[in-house]
Amino acid sequence: MRQFILKRLGQAVISIFVLITVVFFLVRLTGDPVERMVPIQVTEEMANDLRRAYGLDRPLIVQYGLFLQGLPQGDFGQSLYFRGRTVQELLWLRIPASLQLASVSMLVALLIALPMGVYSAKYRGRWGDYAGRIFSILGGAAPSFLVGLAMLRLFAVQWQIFPTGGREEALSIVLPTFTLGWFVSAGIMRLTRSSMLEALYGEFVKLARIKGVRESMVVWKHAFKNAALPVITYSTVIFAAVLGGAIVTEYVFAWPGLGSLLIRAVIQRDFPVIQGAVILIGVAYVIANFLADMAYAWVNPKIRYEQ
């Protein structure tokens, strides 16, 4: 087990280093950020002075080396668009909002998807199963931005039940949570159903029923415990994906998270902010994968990692 943990940590470090390198050079293919920072009538000499002030006139390899030098201290540099503010400061202001939205969305998705997936597998072929499968199909097929706009139109504009956006009111989180949770719960429900169908026909379940174990214990303790392995992996990884993939949802509902910050940074070619946000999301994804592997061993101690 120790060897597996060390190997996974090594792979995580390599993955993060590759991510940092690719993001650094890829964002610089989008163009010159100075064009977004100054008016058209500004002279070339003034633009060059601005490039020198931010170190954009140096060779790329030098800029890359300076960027790597500041990473151990959490220094992502100065924002080009938000003048006078560090990337670290901007990220820390937006992280709580994104974590709140992702956490509540995942909680709602799990509360809906797990019972629905278990029920659909338990009563396969009945009306509840068909209803659950229709729900999963609609959740996977409907784009999140379309669901968000529809919710915004109905519940915020027409019926005025919830706020149209922002994070100032307590009810502001309801619509973006439903928009994200709709898609996530559909995937978890499908995976839970398929895993439960396989587990319910296992020999250990048949043996438990022969011994006279209550059906609820058979379903939730014996079958669900074994079916939960892929569900845990998917849910852990999808949380990091939700954290970084809520860009459209945050933009639609004016939610002040990492997604809306990243959109503005891309539009303004704010290289340091783009790098910081993408690296932060990538690190969260790598950590989520690592935790998913650890969760496998926690749920089923019989699992042995030999590679």
# chains A, B, ... in the order shown; residues from 1 in each chain; ligands from 1

$ residues_around --residues "Ile137 (chain A)" --least-positions-apart "5" --cutoff "12 Å" --atoms "only C-alpha atoms" --output "list in words"
Tyr130, Ala131, Gly132, Ala142, Pro143, Trp182, Phe183, Val184, Ser185, Ala186, Gly187, Ile188, Met189 and Arg190 of chain A

$ residues_around --residues "region 209-221 of chain A" --least-positions-apart "3" --cutoff "8 Å" --atoms "only C-alpha atoms" --output "MDAnalysis selection string"
chainID A and resid 122 200 205:206 224:225

$ atom_distance --atom1 "CA of Leu91 (chain A)" --atom2 "CA of Val108 (chain A)"
25.6 Å

$ closest_residue --among "A:Ile263, A:Ala12, A:Leu93, A:Leu60" --to "Leu26 (chain A)" --atoms "only C-alpha atoms"
A:Leu60

$ residues_around --residues "Gly128 (chain A)" --least-positions-apart "4" --cutoff "12 Å" --atoms "only C-alpha atoms" --output "list in words"
Pro115, Met116, Gly117, Val118, Tyr119, Ser120, Ala121, Lys122, Tyr123, Arg124, Gly132, Arg133, Ile134 and Phe135 of chain A

$ closest_residue --among "A:Asp293, A:Ile274, A:Phe145, A:Met151" --to "Phe25 (chain A)" --atoms "only C-alpha atoms"
A:Ile274

$ closest_residue --among "A:Ser79, A:Ser105, A:Gln3, A:Gln73" --to "Arg269 (chain A)" --atoms "only C-alpha atoms"
A:Ser79

$ closest_residue --among "A:Leu280, A:Ile287, A:Leu110, A:Val38" --to "Leu71 (chain A)" --atoms "only C-alpha atoms"
A:Leu280

$ decode --residues "region 247-274 of chain A" --atoms "N, CA, C and O atoms" --output "PDB file, in the first residue's frame"
ATOM      1  N   ILE A 247     -18.028  27.006 -15.147  1.00  0.00           N
ATOM      2  CA  ILE A 247     -17.743  28.318 -15.745  1.00  0.00           C
ATOM      3  C   ILE A 247     -19.007  28.937 -16.331  1.00  0.00           C
ATOM      4  O   ILE A 247     -19.338  30.095 -16.058  1.00  0.00           O
ATOM      5  N   VAL A 248     -19.714  28.143 -17.138  1.00  0.00           N
ATOM      6  CA  VAL A 248     -20.911  28.667 -17.795  1.00  0.00           C
ATOM      7  C   VAL A 248     -21.994  28.987 -16.764  1.00  0.00           C
ATOM      8  O   VAL A 248     -22.653  30.033 -16.837  1.00  0.00           O
ATOM      9  N   THR A 249     -22.161  28.098 -15.791  1.00  0.00           N
ATOM     10  CA  THR A 249     -23.181  28.316 -14.766  1.00  0.00           C
ATOM     11  C   THR A 249     -22.887  29.572 -13.962  1.00  0.00           C
ATOM     12  O   THR A 249     -23.790  30.379 -13.685  1.00  0.00           O
ATOM     13  N   GLU A 250     -21.638  29.770 -13.571  1.00  0.00           N
ATOM     14  CA  GLU A 250     -21.275  30.961 -12.820  1.00  0.00           C
ATOM     15  C   GLU A 250     -21.477  32.220 -13.656  1.00  0.00           C
ATOM     16  O   GLU A 250     -21.886  33.266 -13.135  1.00  0.00           O
ATOM     17  N   TYR A 251     -21.210  32.112 -14.940  1.00  0.00           N
ATOM     18  CA  TYR A 251     -21.371  33.274 -15.810  1.00  0.00           C
ATOM     19  C   TYR A 251     -22.848  33.621 -15.992  1.00  0.00           C
ATOM     20  O   TYR A 251     -23.234  34.799 -15.956  1.00  0.00           O
ATOM     21  N   VAL A 252     -23.691  32.593 -16.169  1.00  0.00           N
ATOM     22  CA  VAL A 252     -25.125  32.821 -16.379  1.00  0.00           C
ATOM     23  C   VAL A 252     -25.752  33.469 -15.155  1.00  0.00           C
ATOM     24  O   VAL A 252     -26.566  34.399 -15.271  1.00  0.00           O
ATOM     25  N   PHE A 253     -25.378  33.008 -13.967  1.00  0.00           N
ATOM     26  CA  PHE A 253     -25.991  33.496 -12.736  1.00  0.00           C
ATOM     27  C   PHE A 253     -25.141  34.537 -12.010  1.00  0.00           C
ATOM     28  O   PHE A 253     -25.422  34.860 -10.855  1.00  0.00           O
ATOM     29  N   ALA A 254     -24.124  35.066 -12.693  1.00  0.00           N
ATOM     30  CA  ALA A 254     -23.261  36.100 -12.108  1.00  0.00           C
ATOM     31  C   ALA A 254     -22.727  35.665 -10.737  1.00  0.00           C
ATOM     32  O   ALA A 254     -22.667  36.460  -9.803  1.00  0.00           O
ATOM     33  N   TRP A 255     -22.376  34.391 -10.633  1.00  0.00           N
ATOM     34  CA  TRP A 255     -21.854  33.845  -9.387  1.00  0.00           C
ATOM     35  C   TRP A 255     -20.363  34.184  -9.293  1.00  0.00           C
ATOM     36  O   TRP A 255     -19.587  33.832 -10.169  1.00  0.00           O
ATOM     37  N   PRO A 256     -19.916  34.846  -8.243  1.00  0.00           N
ATOM     38  CA  PRO A 256     -18.533  35.348  -8.180  1.00  0.00           C
ATOM     39  C   PRO A 256     -17.526  34.262  -7.810  1.00  0.00           C
ATOM     40  O   PRO A 256     -16.870  34.323  -6.764  1.00  0.00           O
ATOM     41  N   GLY A 257     -17.365  33.269  -8.680  1.00  0.00           N
ATOM     42  CA  GLY A 257     -16.436  32.184  -8.419  1.00  0.00           C
ATOM     43  C   GLY A 257     -15.273  32.182  -9.390  1.00  0.00           C
ATOM     44  O   GLY A 257     -15.038  33.140 -10.135  1.00  0.00           O
ATOM     45  N   LEU A 258     -14.540  31.068  -9.391  1.00  0.00           N
ATOM     46  CA  LEU A 258     -13.374  30.942 -10.265  1.00  0.00           C
ATOM     47  C   LEU A 258     -13.769  30.956 -11.735  1.00  0.00           C
ATOM     48  O   LEU A 258     -13.019  31.451 -12.578  1.00  0.00           O
ATOM     49  N   GLY A 259     -14.932  30.396 -12.044  1.00  0.00           N
ATOM     50  CA  GLY A 259     -15.363  30.326 -13.438  1.00  0.00           C
ATOM     51  C   GLY A 259     -15.545  31.691 -14.062  1.00  0.00           C
ATOM     52  O   GLY A 259     -15.040  31.962 -15.163  1.00  0.00           O
ATOM     53  N   SER A 260     -16.265  32.565 -13.383  1.00  0.00           N
ATOM     54  CA  SER A 260     -16.478  33.912 -13.920  1.00  0.00           C
ATOM     55  C   SER A 260     -15.173  34.692 -13.981  1.00  0.00           C
ATOM     56  O   SER A 260     -14.953  35.485 -14.905  1.00  0.00           O
ATOM     57  N   LEU A 261     -14.286  34.472 -13.009  1.00  0.00           N
ATOM     58  CA  LEU A 261     -12.969  35.131 -13.043  1.00  0.00           C
ATOM     59  C   LEU A 261     -12.157  34.650 -14.234  1.00  0.00           C
ATOM     60  O   LEU A 261     -11.502  35.447 -14.920  1.00  0.00           O
ATOM     61  N   LEU A 262     -12.219  33.351 -14.515  1.00  0.00           N
ATOM     62  CA  LEU A 262     -11.458  32.793 -15.629  1.00  0.00           C
ATOM     63  C   LEU A 262     -11.966  33.300 -16.967  1.00  0.00           C
ATOM     64  O   LEU A 262     -11.176  33.571 -17.878  1.00  0.00           O
ATOM     65  N   ILE A 263     -13.275  33.443 -17.111  1.00  0.00           N
ATOM     66  CA  ILE A 263     -13.824  33.971 -18.361  1.00  0.00           C
ATOM     67  C   ILE A 263     -13.322  35.387 -18.622  1.00  0.00           C
ATOM     68  O   ILE A 263     -12.890  35.726 -19.730  1.00  0.00           O
ATOM     69  N   ARG A 264     -13.368  36.215 -17.585  1.00  0.00           N
ATOM     70  CA  ARG A 264     -12.894  37.594 -17.751  1.00  0.00           C
ATOM     71  C   ARG A 264     -11.401  37.616 -18.061  1.00  0.00           C
ATOM     72  O   ARG A 264     -10.938  38.426 -18.879  1.00  0.00           O
ATOM     73  N   ALA A 265     -10.641  36.733 -17.426  1.00  0.00           N
ATOM     74  CA  ALA A 265      -9.199  36.690 -17.669  1.00  0.00           C
ATOM     75  C   ALA A 265      -8.895  36.259 -19.105  1.00  0.00           C
ATOM     76  O   ALA A 265      -7.974  36.794 -19.736  1.00  0.00           O
ATOM     77  N   VAL A 266      -9.655  35.309 -19.635  1.00  0.00           N
ATOM     78  CA  VAL A 266      -9.444  34.866 -21.017  1.00  0.00           C
ATOM     79  C   VAL A 266      -9.772  35.985 -21.995  1.00  0.00           C
ATOM     80  O   VAL A 266      -9.040  36.216 -22.974  1.00  0.00           O
ATOM     81  N   ILE A 267     -10.857  36.697 -21.759  1.00  0.00           N
ATOM     82  CA  ILE A 267     -11.246  37.796 -22.647  1.00  0.00           C
ATOM     83  C   ILE A 267     -10.176  38.882 -22.662  1.00  0.00           C
ATOM     84  O   ILE A 267      -9.839  39.437 -23.719  1.00  0.00           O
ATOM     85  N   GLN A 268      -9.595  39.171 -21.504  1.00  0.00           N
ATOM     86  CA  GLN A 268      -8.607  40.246 -21.389  1.00  0.00           C
ATOM     87  C   GLN A 268      -7.168  39.759 -21.576  1.00  0.00           C
ATOM     88  O   GLN A 268      -6.244  40.551 -21.437  1.00  0.00           O
ATOM     89  N   ARG A 269      -6.992  38.465 -21.857  1.00  0.00           N
ATOM     90  CA  ARG A 269      -5.657  37.874 -22.012  1.00  0.00           C
ATOM     91  C   ARG A 269      -4.797  38.124 -20.774  1.00  0.00           C
ATOM     92  O   ARG A 269      -3.612  38.475 -20.871  1.00  0.00           O
ATOM     93  N   ASP A 270      -5.392  37.945 -19.637  1.00  0.00           N
ATOM     94  CA  ASP A 270      -4.682  38.119 -18.374  1.00  0.00           C
ATOM     95  C   ASP A 270      -3.948  36.815 -18.059  1.00  0.00           C
ATOM     96  O   ASP A 270      -4.439  35.948 -17.335  1.00  0.00           O
ATOM     97  N   PHE A 271      -2.729  36.674 -18.610  1.00  0.00           N
ATOM     98  CA  PHE A 271      -1.982  35.437 -18.505  1.00  0.00           C
ATOM     99  C   PHE A 271      -1.805  34.933 -17.075  1.00  0.00           C
ATOM    100  O   PHE A 271      -2.045  33.756 -16.791  1.00  0.00           O
ATOM    101  N   PRO A 272      -1.364  35.769 -16.145  1.00  0.00           N
ATOM    102  CA  PRO A 272      -1.146  35.264 -14.777  1.00  0.00           C
ATOM    103  C   PRO A 272      -2.415  34.712 -14.129  1.00  0.00           C
ATOM    104  O   PRO A 272      -2.364  33.682 -13.450  1.00  0.00           O
ATOM    105  N   VAL A 273      -3.552  35.368 -14.334  1.00  0.00           N
ATOM    106  CA  VAL A 273      -4.802  34.891 -13.732  1.00  0.00           C
ATOM    107  C   VAL A 273      -5.237  33.582 -14.384  1.00  0.00           C
ATOM    108  O   VAL A 273      -5.687  32.647 -13.693  1.00  0.00           O
ATOM    109  N   ILE A 274      -5.118  33.482 -15.706  1.00  0.00           N
ATOM    110  CA  ILE A 274      -5.465  32.234 -16.395  1.00  0.00           C
ATOM    111  C   ILE A 274      -4.608  31.091 -15.868  1.00  0.00           C
ATOM    112  O   ILE A 274      -5.109  30.004 -15.556  1.00  0.00           O
TER     113      ILE A 274
END
